>>> print(open('model26.txt').read())   # compact mmCIF, C-alpha atoms and all ligand atoms
# COMPACT_ATOMS: atom_id res chain seq x y z
CA MET S 1 -14.84 20.78 22.02
CA TRP S 2 -15.14 19.45 18.49
CA VAL S 3 -13.32 16.46 17.08
CA ILE S 4 -13.20 16.73 13.30
CA THR S 5 -12.37 13.65 11.25
CA PHE S 6 -11.52 13.66 7.54
CA PRO S 7 -9.79 11.20 5.21
CA ARG S 8 -6.05 11.54 5.61
CA THR S 9 -5.45 12.15 1.90
CA VAL S 10 -7.77 13.35 -0.86
CA VAL S 11 -6.53 13.03 -4.44
CA THR S 12 -8.68 14.99 -6.90
CA GLY S 13 -8.72 16.09 -10.53
CA GLU S 14 -7.89 14.64 -13.91
CA ASP S 15 -6.09 11.27 -13.78
CA ALA S 16 -6.50 11.03 -9.99
CA LEU S 17 -6.95 7.26 -10.36
CA GLU S 18 -3.28 7.03 -11.38
CA HIS S 19 -2.42 7.74 -7.74
CA LEU S 20 -2.92 3.99 -7.23
CA LYS S 21 0.47 3.51 -8.90
CA GLU S 22 2.03 5.01 -5.79
CA ILE S 23 0.42 2.66 -3.29
CA ASP S 24 2.92 0.44 -1.49
CA GLY S 25 1.78 -2.93 -0.22
CA ALA S 26 1.43 -6.63 -0.98
CA ARG S 27 -2.23 -7.40 -1.66
CA ALA S 28 -5.21 -5.18 -2.50
CA LEU S 29 -8.83 -6.29 -2.33
CA ILE S 30 -11.20 -4.28 -4.51
CA VAL S 31 -14.76 -4.30 -3.14
CA THR S 32 -17.30 -3.45 -5.84
CA ASP S 33 -20.45 -4.62 -7.65
CA LYS S 34 -21.08 -6.41 -10.91
CA VAL S 35 -22.26 -3.28 -12.77
CA ILE S 36 -19.09 -1.35 -11.99
CA ARG S 37 -16.97 -4.36 -12.84
CA LYS S 38 -18.35 -4.27 -16.39
CA LEU S 39 -17.31 -0.63 -16.80
CA ASN S 40 -13.57 -1.36 -16.82
CA PHE S 41 -12.74 0.89 -13.90
CA VAL S 42 -11.88 -2.19 -11.88
CA GLU S 43 -9.41 -3.38 -14.47
CA LYS S 44 -7.91 0.08 -14.78
CA ALA S 45 -7.50 0.40 -10.99
CA ALA S 46 -6.08 -3.13 -10.76
CA ASN S 47 -3.52 -2.39 -13.46
CA TYR S 48 -2.28 0.72 -11.67
CA LEU S 49 -1.90 -1.27 -8.44
CA LYS S 50 -0.14 -4.13 -10.21
CA ALA S 51 2.27 -1.62 -11.77
CA ASN S 52 3.65 -1.07 -8.28
CA GLY S 53 3.93 -4.80 -7.56
CA LEU S 54 0.68 -5.40 -5.66
CA GLN S 55 -1.44 -8.49 -6.13
CA VAL S 56 -5.08 -7.67 -6.73
CA GLU S 57 -8.28 -9.61 -6.02
CA VAL S 58 -11.85 -8.48 -6.57
CA PHE S 59 -14.95 -9.08 -4.46
CA ASP S 60 -17.82 -7.96 -6.73
CA GLU S 61 -20.84 -9.25 -4.85
CA VAL S 62 -22.00 -5.99 -3.28
CA GLU S 63 -25.70 -5.39 -3.91
CA PRO S 64 -27.54 -2.05 -3.64
CA GLU S 65 -28.10 -1.43 0.08
CA PRO S 66 -25.63 -4.15 1.12
CA SER S 67 -26.84 -6.79 3.57
CA MET S 68 -25.13 -8.18 6.66
CA GLU S 69 -24.82 -11.52 4.83
CA THR S 70 -22.78 -9.86 2.05
CA ILE S 71 -20.49 -8.25 4.62
CA VAL S 72 -19.86 -11.58 6.34
CA LYS S 73 -19.20 -13.22 2.96
CA GLY S 74 -16.79 -10.43 2.00
CA ALA S 75 -14.96 -10.75 5.33
CA GLU S 76 -14.60 -14.51 4.79
CA PHE S 77 -13.15 -13.82 1.32
CA ALA S 78 -10.75 -11.27 2.86
CA LYS S 79 -9.64 -13.69 5.60
CA ASN S 80 -8.43 -16.19 3.00
CA TYR S 81 -6.73 -13.57 0.85
CA ALA S 82 -5.18 -11.44 3.65
CA PRO S 83 -5.09 -8.00 1.94
CA ASP S 84 -3.24 -5.01 3.34
CA TRP S 85 -5.41 -2.59 1.35
CA PHE S 86 -9.18 -2.50 0.92
CA ILE S 87 -10.45 -0.49 -2.02
CA GLY S 88 -14.12 0.51 -2.05
CA LEU S 89 -14.79 1.25 -5.72
CA GLY S 90 -18.30 2.29 -6.78
CA GLY S 91 -21.27 4.13 -5.32
CA GLY S 92 -22.15 4.45 -1.65
CA SER S 93 -23.07 0.77 -1.33
CA CYS S 94 -19.64 -0.45 -2.47
CA MET S 95 -17.77 1.98 -0.21
CA ASP S 96 -20.04 1.22 2.77
CA ALA S 97 -19.53 -2.51 2.20
CA ALA S 98 -15.75 -2.07 1.97
CA LYS S 99 -15.74 -0.26 5.32
CA ALA S 100 -17.78 -2.95 7.09
CA ILE S 101 -15.85 -5.86 5.52
CA TRP S 102 -12.61 -4.20 6.58
CA VAL S 103 -13.86 -3.93 10.19
CA LEU S 104 -14.81 -7.63 10.34
CA TYR S 105 -11.50 -8.60 8.76
CA GLU S 106 -9.59 -6.66 11.41
CA ARG S 107 -11.94 -7.69 14.18
CA PRO S 108 -13.26 -11.22 13.47
CA ASP S 109 -14.50 -11.30 17.06
CA MET S 110 -17.08 -8.58 16.29
CA ALA S 111 -20.57 -8.64 14.76
CA VAL S 112 -21.43 -5.98 12.15
CA ASP S 113 -24.12 -4.39 14.32
CA ALA S 114 -21.68 -3.99 17.22
CA ILE S 115 -19.85 -1.15 15.42
CA ASN S 116 -20.49 2.02 17.42
CA PRO S 117 -18.82 5.38 17.98
CA LEU S 118 -17.81 4.56 21.56
CA GLU S 119 -16.03 1.31 20.75
CA LYS S 120 -12.27 1.44 20.02
CA LEU S 121 -11.95 -0.91 17.05
CA GLY S 122 -8.16 -0.82 16.73
CA LEU S 123 -8.28 -0.82 12.92
CA ARG S 124 -5.23 -0.57 10.63
CA LYS S 125 -3.32 -3.42 12.27
CA LYS S 126 -3.81 -5.51 9.12
CA ALA S 127 -5.01 -3.18 6.36
CA ARG S 128 -5.99 0.34 5.30
CA LEU S 129 -8.82 1.75 3.20
CA ILE S 130 -9.01 3.59 -0.12
CA CYS S 131 -12.37 4.89 -1.35
CA ILE S 132 -12.98 5.65 -5.02
CA PRO S 133 -16.50 6.96 -5.70
CA THR S 134 -18.05 6.50 -9.15
CA THR S 135 -21.12 8.59 -8.31
CA SER S 136 -21.16 12.19 -7.08
CA GLY S 137 -23.37 12.28 -4.03
CA THR S 138 -23.14 9.81 -1.17
CA GLY S 139 -20.02 11.26 0.45
CA SER S 140 -19.28 7.83 1.92
CA ASP S 141 -15.66 8.31 0.81
CA ALA S 142 -15.44 11.19 3.30
CA THR S 143 -17.47 9.97 6.28
CA TRP S 144 -16.90 7.51 9.11
CA ALA S 145 -20.33 5.94 8.70
CA THR S 146 -21.64 2.88 6.91
CA VAL S 147 -25.25 1.83 6.23
CA ILE S 148 -25.86 -1.92 6.22
CA THR S 149 -29.24 -3.62 5.81
CA ASP S 150 -30.46 -6.26 8.21
CA VAL S 151 -32.71 -8.14 5.79
CA LYS S 152 -34.29 -10.42 8.39
CA GLU S 153 -35.30 -7.58 10.69
CA LYS S 154 -36.07 -5.20 7.75
CA ARG S 155 -33.98 -2.46 9.33
CA LYS S 156 -31.11 -0.26 8.24
CA LEU S 157 -28.11 -0.17 10.51
CA GLU S 158 -26.50 3.27 10.52
CA LEU S 159 -23.10 2.41 11.99
CA THR S 160 -20.43 4.94 12.88
CA CYS S 161 -16.89 4.87 14.20
CA ARG S 162 -14.21 7.51 13.61
CA GLU S 163 -11.58 4.90 12.72
CA MET S 164 -13.74 3.78 9.79
CA VAL S 165 -12.78 6.78 7.62
CA ALA S 166 -10.79 6.25 4.41
CA ASP S 167 -7.04 6.70 4.50
CA ILE S 168 -7.16 7.85 0.90
CA THR S 169 -10.06 9.16 -1.16
CA ILE S 170 -9.59 9.33 -4.91
CA LEU S 171 -11.85 11.71 -6.85
CA ASP S 172 -11.32 11.10 -10.56
CA PRO S 173 -13.88 13.04 -12.64
CA GLU S 174 -13.67 10.42 -15.39
CA LEU S 175 -15.49 7.87 -13.22
CA PRO S 176 -18.86 9.62 -12.71
CA LYS S 177 -19.12 10.15 -16.48
CA SER S 178 -20.69 6.70 -16.76
CA MET S 179 -23.70 7.68 -14.63
CA PRO S 180 -27.05 7.92 -16.43
CA PRO S 181 -28.72 11.36 -16.01
CA SER S 182 -31.26 10.06 -13.45
CA LEU S 183 -28.41 8.87 -11.22
CA VAL S 184 -26.60 12.21 -11.65
CA ALA S 185 -29.79 13.89 -10.41
CA ASP S 186 -30.48 11.48 -7.51
CA THR S 187 -26.93 11.62 -6.18
CA GLY S 188 -26.50 15.36 -6.81
CA ILE S 189 -29.66 16.22 -4.85
CA ASP S 190 -28.46 13.86 -2.10
CA ALA S 191 -25.23 15.90 -1.89
CA LEU S 192 -27.28 19.12 -1.70
CA THR S 193 -29.37 17.62 1.11
CA HIS S 194 -26.21 16.58 3.00
CA ALA S 195 -24.78 20.07 2.74
CA ILE S 196 -27.96 21.97 3.66
CA GLU S 197 -28.81 19.64 6.55
CA GLY S 198 -25.17 19.70 7.70
CA TYR S 199 -25.20 23.51 7.68
CA VAL S 200 -28.28 23.83 9.90
CA SER S 201 -27.60 20.78 12.12
CA GLN S 202 -27.40 21.25 15.86
CA TRP S 203 -23.88 19.82 15.68
CA ARG S 204 -22.68 22.23 13.01
CA ASN S 205 -19.25 23.75 13.49
CA ASP S 206 -16.90 26.12 11.65
CA PHE S 207 -15.37 23.34 9.56
CA SER S 208 -18.64 21.72 8.52
CA ASP S 209 -20.05 25.19 7.73
CA ALA S 210 -17.27 26.12 5.32
CA LEU S 211 -17.44 22.86 3.39
CA ALA S 212 -21.24 22.88 3.28
CA ILE S 213 -21.45 26.35 1.75
CA ARG S 214 -18.99 25.58 -1.03
CA ALA S 215 -20.75 22.30 -1.78
CA ILE S 216 -24.16 24.04 -1.96
CA GLN S 217 -22.78 26.68 -4.34
CA PHE S 218 -21.30 23.98 -6.57
CA VAL S 219 -24.51 21.91 -6.69
CA PHE S 220 -26.62 24.92 -7.67
CA LYS S 221 -24.12 25.94 -10.32
CA TYR S 222 -22.95 22.64 -11.76
CA LEU S 223 -25.66 20.00 -11.23
CA PRO S 224 -27.85 21.14 -14.15
CA ARG S 225 -24.79 21.12 -16.42
CA ALA S 226 -23.60 17.71 -15.22
CA TYR S 227 -27.14 16.39 -15.70
CA ARG S 228 -27.44 17.68 -19.27
CA ASP S 229 -24.01 16.83 -20.57
CA PRO S 230 -21.86 13.91 -19.39
CA GLU S 231 -18.97 15.37 -21.38
CA ASP S 232 -18.99 18.63 -19.39
CA LYS S 233 -15.66 18.06 -17.66
CA GLU S 234 -15.75 21.07 -15.41
CA ALA S 235 -19.27 20.32 -14.14
CA LYS S 236 -18.43 16.65 -13.50
CA GLU S 237 -15.29 17.54 -11.58
CA LYS S 238 -16.99 20.21 -9.47
CA MET S 239 -19.95 17.91 -8.65
CA HIS S 240 -17.53 15.12 -7.70
CA ASN S 241 -15.69 17.49 -5.34
CA ALA S 242 -18.98 18.94 -4.03
CA ALA S 243 -20.22 15.47 -3.03
CA THR S 244 -17.08 14.78 -1.00
CA MET S 245 -17.06 18.26 0.56
CA ALA S 246 -20.72 17.75 1.55
CA GLY S 247 -19.72 14.37 3.01
CA MET S 248 -16.92 16.00 5.02
CA SER S 249 -19.46 18.54 6.23
CA PHE S 250 -22.34 16.33 7.37
CA GLY S 251 -19.89 13.64 8.50
CA ASN S 252 -18.72 16.13 11.11
CA SER S 253 -22.11 17.69 11.91
CA GLN S 254 -25.19 15.59 11.09
CA VAL S 255 -28.06 15.29 8.67
CA GLY S 256 -31.66 16.02 9.68
CA ILE S 257 -35.29 15.13 9.04
CA ALA S 258 -35.07 14.92 5.25
CA HIS S 259 -32.70 11.99 5.83
CA ALA S 260 -34.80 10.54 8.67
CA MET S 261 -37.90 10.57 6.46
CA GLY S 262 -36.00 9.52 3.34
CA HIS S 263 -34.46 6.49 5.06
CA SER S 264 -37.90 5.48 6.26
CA LEU S 265 -39.56 5.92 2.85
CA GLY S 266 -36.66 4.28 1.00
CA ALA S 267 -36.60 1.19 3.23
CA ILE S 268 -40.36 0.59 2.97
CA PHE S 269 -40.89 1.41 -0.71
CA HIS S 270 -37.43 0.44 -2.02
CA ILE S 271 -36.54 3.83 -3.46
CA PRO S 272 -32.89 4.81 -4.10
CA HIS S 273 -31.38 6.83 -1.26
CA GLY S 274 -30.83 10.17 -3.01
CA ARG S 275 -34.27 10.26 -4.57
CA SER S 276 -36.10 9.35 -1.35
CA VAL S 277 -34.14 11.91 0.68
CA GLY S 278 -34.26 14.72 -1.88
CA VAL S 279 -38.04 14.64 -2.13
CA PHE S 280 -38.25 15.83 1.50
CA LEU S 281 -35.65 18.61 1.26
CA PRO S 282 -37.95 21.57 0.47
CA TYR S 283 -40.55 20.42 3.02
CA SER S 284 -37.90 20.01 5.70
CA ILE S 285 -36.57 23.55 5.12
CA GLU S 286 -40.07 24.98 5.40
CA TYR S 287 -40.67 23.07 8.63
CA SER S 288 -37.27 23.79 10.22
CA ALA S 289 -36.97 27.47 9.21
CA ARG S 290 -38.68 28.70 12.39
CA GLU S 291 -35.65 27.56 14.40
CA ALA S 292 -32.94 28.24 11.82
CA MET S 293 -34.13 31.24 9.80
CA GLN S 294 -30.77 32.99 9.83
CA ARG S 295 -28.90 29.84 8.81
CA TYR S 296 -31.13 29.21 5.80
CA ALA S 297 -30.97 32.91 4.90
CA ASP S 298 -27.15 32.64 4.95
CA ILE S 299 -27.33 29.72 2.53
CA ALA S 300 -29.66 31.70 0.25
CA LYS S 301 -27.32 34.69 0.18
CA GLU S 302 -24.37 32.43 -0.67
CA VAL S 303 -26.18 31.29 -3.81
CA GLY S 304 -27.21 34.81 -4.75
CA ILE S 305 -30.77 34.86 -3.37
CA GLN S 306 -31.91 37.90 -1.44
CA ALA S 307 -35.18 39.53 -0.40
CA GLU S 308 -36.32 42.26 2.04
CA THR S 309 -36.57 39.95 5.07
CA ASP S 310 -34.99 36.67 6.14
CA GLU S 311 -38.43 35.01 5.93
CA LYS S 312 -38.85 36.05 2.31
CA THR S 313 -35.26 35.09 1.53
CA VAL S 314 -35.87 31.57 2.88
CA GLU S 315 -39.13 31.30 0.89
CA LYS S 316 -37.10 32.11 -2.22
CA LEU S 317 -34.49 29.50 -1.23
CA ILE S 318 -37.22 26.84 -1.00
CA GLU S 319 -38.44 27.87 -4.47
CA ALA S 320 -34.86 27.67 -5.78
CA VAL S 321 -34.42 24.15 -4.37
CA LYS S 322 -37.72 23.09 -5.96
CA GLY S 323 -36.66 24.72 -9.23
CA LEU S 324 -33.34 22.86 -9.22
CA CYS S 325 -35.12 19.55 -8.55
CA ARG S 326 -37.52 20.25 -11.44
CA GLU S 327 -34.64 21.11 -13.74
CA VAL S 328 -33.04 17.69 -13.15
CA LYS S 329 -36.42 15.93 -13.18
CA GLU S 330 -36.45 14.85 -9.55
CA PRO S 331 -39.89 14.15 -8.05
CA ALA S 332 -41.49 16.96 -6.04
CA SER S 333 -43.69 14.75 -3.87
CA ILE S 334 -44.19 11.19 -2.63
CA LYS S 335 -47.06 10.93 -5.11
CA GLU S 336 -44.70 11.76 -7.98
CA LEU S 337 -42.54 8.82 -6.86
CA GLY S 338 -45.42 6.65 -8.08
CA ILE S 339 -46.74 5.67 -4.66
CA SER S 340 -50.56 5.47 -4.56
CA ARG S 341 -52.50 7.10 -1.76
CA GLU S 342 -53.71 3.65 -0.64
CA GLU S 343 -50.19 2.26 -0.34
CA PHE S 344 -49.05 5.44 1.40
CA SER S 345 -51.91 5.39 3.92
CA ARG S 346 -51.33 1.72 4.64
CA GLU S 347 -47.68 2.33 5.54
CA LEU S 348 -48.04 5.76 7.14
CA ASP S 349 -47.82 4.60 10.77
CA GLU S 350 -44.67 2.61 10.04
CA LEU S 351 -43.15 5.49 8.04
CA VAL S 352 -43.78 7.90 10.92
CA THR S 353 -42.49 5.56 13.65
CA ARG S 354 -39.24 4.88 11.83
CA ALA S 355 -38.57 8.52 10.97
CA ALA S 356 -39.49 9.81 14.44
CA ASN S 357 -37.02 7.39 16.04
CA SER S 358 -34.13 8.07 13.64
CA SER S 359 -31.04 9.64 15.19
CA CYS S 360 -31.11 12.17 12.29
CA THR S 361 -34.38 13.60 13.65
CA PHE S 362 -32.81 14.67 16.91
CA MET S 363 -30.07 16.69 15.25
CA ASN S 364 -32.54 18.70 13.17
CA PRO S 365 -32.66 22.39 14.15
CA ARG S 366 -36.38 22.01 14.95
CA VAL S 367 -37.01 18.58 16.46
CA PRO S 368 -40.42 17.31 15.40
CA ASP S 369 -42.65 15.23 17.64
CA VAL S 370 -44.44 12.19 16.23
CA GLU S 371 -47.48 14.25 15.20
CA ASP S 372 -45.31 16.74 13.31
CA VAL S 373 -43.54 13.90 11.49
CA ARG S 374 -46.94 12.55 10.47
CA LYS S 375 -48.02 15.99 9.21
CA LEU S 376 -44.77 16.34 7.26
CA PHE S 377 -45.30 13.00 5.52
CA ILE S 378 -48.87 13.98 4.64
CA TYR S 379 -47.68 17.36 3.34
CA ALA S 380 -44.93 15.71 1.27
CA TYR S 381 -47.40 13.22 -0.20
CA ASP S 382 -48.85 15.69 -2.68
CA GLY S 383 -47.64 19.14 -1.54
CA ARG S 384 -51.04 20.18 -0.22
CA LYS S 385 -50.25 22.53 2.63
CA VAL S 386 -50.58 21.30 6.20
CA ASP S 387 -50.23 23.53 9.25
CA PHE S 388 -47.42 22.69 11.61
ZN ZN D 401 -27.79 11.05 1.91
>>> encode(input="model26.txt", output="structure tokens")
Amino acid sequence: MWVITFPRTVVTGEDALEHLKEIDGARALIVTDKVIRKLNFVEKAANYLKANGLQVEVFDEVEPEPSMETIVKGAEFAKNYAPDWFIGLGGGSCMDAAKAIWVLYERPDMAVDAINPLEKLGLRKKARLICIPTTSGTGSDATWATVITDVKEKRKLELTCREMVADITILDPELPKSMPPSLVADTGIDALTHAIEGYVSQWRNDFSDALAIRAIQFVFKYLPRAYRDPEDKEAKEKMHNAATMAGMSFGNSQVGIAHAMGHSLGAIFHIPHGRSVGVFLPYSIEYSAREAMQRYADIAKEVGIQAETDEKTVEKLIEAVKGLCREVKEPASIKELGISREEFSRELDELVTRAANSSCTFMNPRVPDVEDVRKLFIYAYDGRKVDF
């Protein structure tokens, strides 16, 4: 049996933000960060909400990789204001923060790290959630997960609960236009990693498969265009949709070792999520192919890659992924991320321990043991082949 969970409503295409004019309610709380606030999207969204008689307040203190302290602060703000709508407006951090603040607002008796998939939270007694992504990659607007950082313990909490999915997701292609090219690349490769890992995951299903394939096709076709030209409307819109479709896919299957290793690298060396995850994608395909050859070959065929055997087809897919990363100037190795061999060696044990214990590792089609994870990190350091 599969239980599939998606946002109830997805509004996409030109002027999608105007959908806010149709929201009924009393008070909306926009959860965002200071960078987004400067870009006028917040004002635009607030004006649409006000047009329908809502009061609007803004909590703009979300930092990249939001901390538990920020969530508690946001929940305190919400308690005094009593919103009936939360609006996560921004990148993954803003939407993740909105989800967690909403949970604490509804359930003041709970701690952030108590959110888990088995607990019935009983959300939506006080408020509902709208997600409006301004980047095209995280898929947080489509998933029922949130990533919060426990600064004291230096750990990332990957919290999930099916109730924590957006009621409404708004995909307005105007919003990601403000992204600098490096962010287009980081988030676009993150979306590709979500879709590929979702497609080969042990929890894959017919629904996640369909969405993953379309998202992969879109990233290959439109990411280079979106990277080169922020005015390319079609590419921006397709990448925005691809990110959410990839989110719907992996949100209902799982990601794998590229994410396990990326989370580990990102937390220790403070590298943005998409960049730290994307660097492992080609290595993870090469490692996992033994147990998922046909699945990767399917992906390759869907993007027009074919060779005499499945093995050769998958080799070509890995080359195509590397080629796409090069085209959008994403790093091809840990070394290219600017991490010295000394720093890398010093942290290697910690990197391996964290990645080997990540829940993402266990959903990978080929589950690596600790030694294999170590070999994969060493391989990904400079791309010098390691046998595994
Ligand atoms: Zn990701």
>>> residues_around(input="model26.txt", residues="Arg354 of chain S", least_positions_apart="2", cutoff="12 Å", atoms="all atoms listed in the file", output="PyMOL selection string")
chain S and resi 154-156+257+259-268+347-352+356-361+370+373-374+377
>>> residues_around(input="model26.txt", residues="Gly139 of chain S", least_positions_apart="2", cutoff="10 Å", atoms="only C-alpha atoms", output="ChimeraX atom specification")
/S:91-92,95,133,135-137,141-145,187,190-191,194,240-251
>>> closest_residue(input="model26.txt", among="S:Met179, S:Ala78, S:Val165, S:Leu89", to="Val31 of chain S", atoms="all atoms listed in the file")
S:Leu89
>>> closest_atom_pairs(input="model26.txt", of="segment 111-209 of chain S", to="segment 11-24 of chain S", cutoff="7 Å", atoms="all atoms listed in the file", output="JSON lines")
{"residue": "S:Thr169", "atom": "CA", "partner": "S:Val11", "partner_atom": "CA", "distance": 6.2}
{"residue": "S:Ile170", "atom": "CA", "partner": "S:Val11", "partner_atom": "CA", "distance": 4.8}
{"residue": "S:Leu171", "atom": "CA", "partner": "S:Thr12", "partner_atom": "CA", "distance": 4.6}
{"residue": "S:Asp172", "atom": "CA", "partner": "S:Ala16", "partner_atom": "CA", "distance": 4.9}
{"residue": "S:Pro173", "atom": "CA", "partner": "S:Glu14", "partner_atom": "CA", "distance": 6.3}
>>> write_last_selection(input="model26.txt", atoms="C-alpha atoms", output="PDB file, keeping the file's coordinate frame")
ATOM      1  CA  THR S 169     -10.060   9.160  -1.160  1.00  0.00           C
ATOM      2  CA  ILE S 170      -9.590   9.330  -4.910  1.00  0.00           C
ATOM      3  CA  LEU S 171     -11.850  11.710  -6.850  1.00  0.00           C
ATOM      4  CA  ASP S 172     -11.320  11.100 -10.560  1.00  0.00           C
ATOM      5  CA  PRO S 173     -13.880  13.040 -12.640  1.00  0.00           C
TER       6      PRO S 173
END
>>> atom_distance(input="model26.txt", atom1="atom CA of Pro83 of chain S", atom2="atom CA of Lys38 of chain S")
22.9 Å
>>> atom_distance(input="model26.txt", atom1="atom CA of Leu376 of chain S", atom2="atom CA of Gly323 of chain S")
20.2 Å
>>> atom_distance(input="model26.txt", atom1="atom CA of Pro272 of chain S", atom2="atom CA of Leu183 of chain S")
9.3 Å
>>> residues_around(input="model26.txt", residues="Glu158 of chain S", least_positions_apart="5", cutoff="9 Å", atoms="only C-alpha atoms", output="ChimeraX atom specification")
/S:113,145-149
>>> closest_residue(input="model26.txt", among="S:Asp167, S:Pro176, S:Gln217, S:Pro282", to="Asp232 of chain S", atoms="only C-alpha atoms")
S:Pro176
>>> closest_residue(input="model26.txt", among="S:Val184, S:Ile132, S:Val255, S:Met164", to="Cys94 of chain S", atoms="all atoms listed in the file")
S:Ile132
>>> closest_residue(input="model26.txt", among="S:Val112, S:Ala75, S:Val277, S:Ala380", to="ligand ZN 401 (chain D)", atoms="only C-alpha atoms and all ligand atoms")
S:Val277
>>> closest_residue(input="model26.txt", among="S:Glu342, S:Asp96, S:Glu291, S:Glu330", to="Val62 of chain S", atoms="all atoms listed in the file")
S:Asp96
>>> residues_around(input="model26.txt", residues="Ile130 of chain S", least_positions_apart="4", cutoff="7 Å", atoms="all atoms listed in the file", output="number ranges by chain")
S: 86-88, 166-169
>>> write_last_selection(input="model26.txt", atoms="C-alpha atoms", output="tab-separated table (two decimals), in the frame of the given file")
chain	number	residue	atom	x	y	z
S	86	PHE	CA	-9.18	-2.50	0.92
S	87	ILE	CA	-10.45	-0.49	-2.02
S	88	GLY	CA	-14.12	0.51	-2.05
S	166	ALA	CA	-10.79	6.25	4.41
S	167	ASP	CA	-7.04	6.70	4.50
S	168	ILE	CA	-7.16	7.85	0.90
S	169	THR	CA	-10.06	9.16	-1.16
>>> closest_residue(input="model26.txt", among="S:Asp298, S:Asp186, S:Glu119, S:Glu311", to="ligand ZN 401 (chain D)", atoms="all atoms listed in the file")
S:Asp186
>>> axis_aligned_box(input="model26.txt", around="segment 122-135 of chain S", padding_each_side="6 Å", output="AutoDock Vina command-line options")
--center_x -12.2 --center_y 1.5 --center_z 3.8 --size_x 29.8 --size_y 26.1 --size_z 37.9
>>> residues_around(input="model26.txt", residues="Ala332 of chain S", least_positions_apart="4", cutoff="9 Å", atoms="all atoms listed in the file", output="PyMOL selection string")
chain S and resi 278-280+282+322+325-326+336-337+380+382-383
>>> build_atoms(input="model26.txt", residues="segment 306-317 of chain S", atoms="N, CA, C and O atoms", output="compact mmCIF listing (two decimals), keeping the file's coordinate frame")
# COMPACT_ATOMS: atom_id res chain seq x y z
N GLN S 306 -31.69 36.94 -2.51
CA GLN S 306 -31.91 37.90 -1.44
C GLN S 306 -33.30 38.52 -1.56
O GLN S 306 -33.83 38.65 -2.67
N ALA S 307 -33.89 38.84 -0.41
CA ALA S 307 -35.18 39.53 -0.40
C ALA S 307 -35.17 40.48 0.79
O ALA S 307 -34.19 40.56 1.52
N GLU S 308 -36.30 41.19 1.00
CA GLU S 308 -36.32 42.26 2.04
C GLU S 308 -36.12 41.69 3.45
O GLU S 308 -35.48 42.32 4.28
N THR S 309 -36.69 40.52 3.71
CA THR S 309 -36.57 39.95 5.07
C THR S 309 -35.98 38.55 4.99
O THR S 309 -35.98 37.93 3.91
N ASP S 310 -35.52 38.05 6.12
CA ASP S 310 -34.99 36.67 6.14
C ASP S 310 -36.09 35.68 5.76
O ASP S 310 -35.84 34.72 5.03
N GLU S 311 -37.31 35.91 6.25
CA GLU S 311 -38.43 35.01 5.93
C GLU S 311 -38.61 34.89 4.42
O GLU S 311 -38.72 33.79 3.87
N LYS S 312 -38.64 36.06 3.77
CA LYS S 312 -38.85 36.05 2.31
C LYS S 312 -37.66 35.42 1.59
O LYS S 312 -37.80 34.74 0.57
N THR S 313 -36.47 35.67 2.13
CA THR S 313 -35.26 35.09 1.53
C THR S 313 -35.35 33.56 1.58
O THR S 313 -35.03 32.87 0.61
N VAL S 314 -35.79 33.03 2.73
CA VAL S 314 -35.87 31.57 2.88
C VAL S 314 -36.97 31.01 1.97
O VAL S 314 -36.81 29.94 1.37
N GLU S 315 -38.08 31.74 1.83
CA GLU S 315 -39.13 31.30 0.89
C GLU S 315 -38.54 31.17 -0.52
O GLU S 315 -38.82 30.21 -1.24
N LYS S 316 -37.72 32.16 -0.88
CA LYS S 316 -37.10 32.11 -2.22
C LYS S 316 -36.12 30.94 -2.34
O LYS S 316 -35.97 30.34 -3.39
N LEU S 317 -35.42 30.64 -1.22
CA LEU S 317 -34.49 29.50 -1.23
C LEU S 317 -35.27 28.21 -1.49
O LEU S 317 -34.84 27.37 -2.29
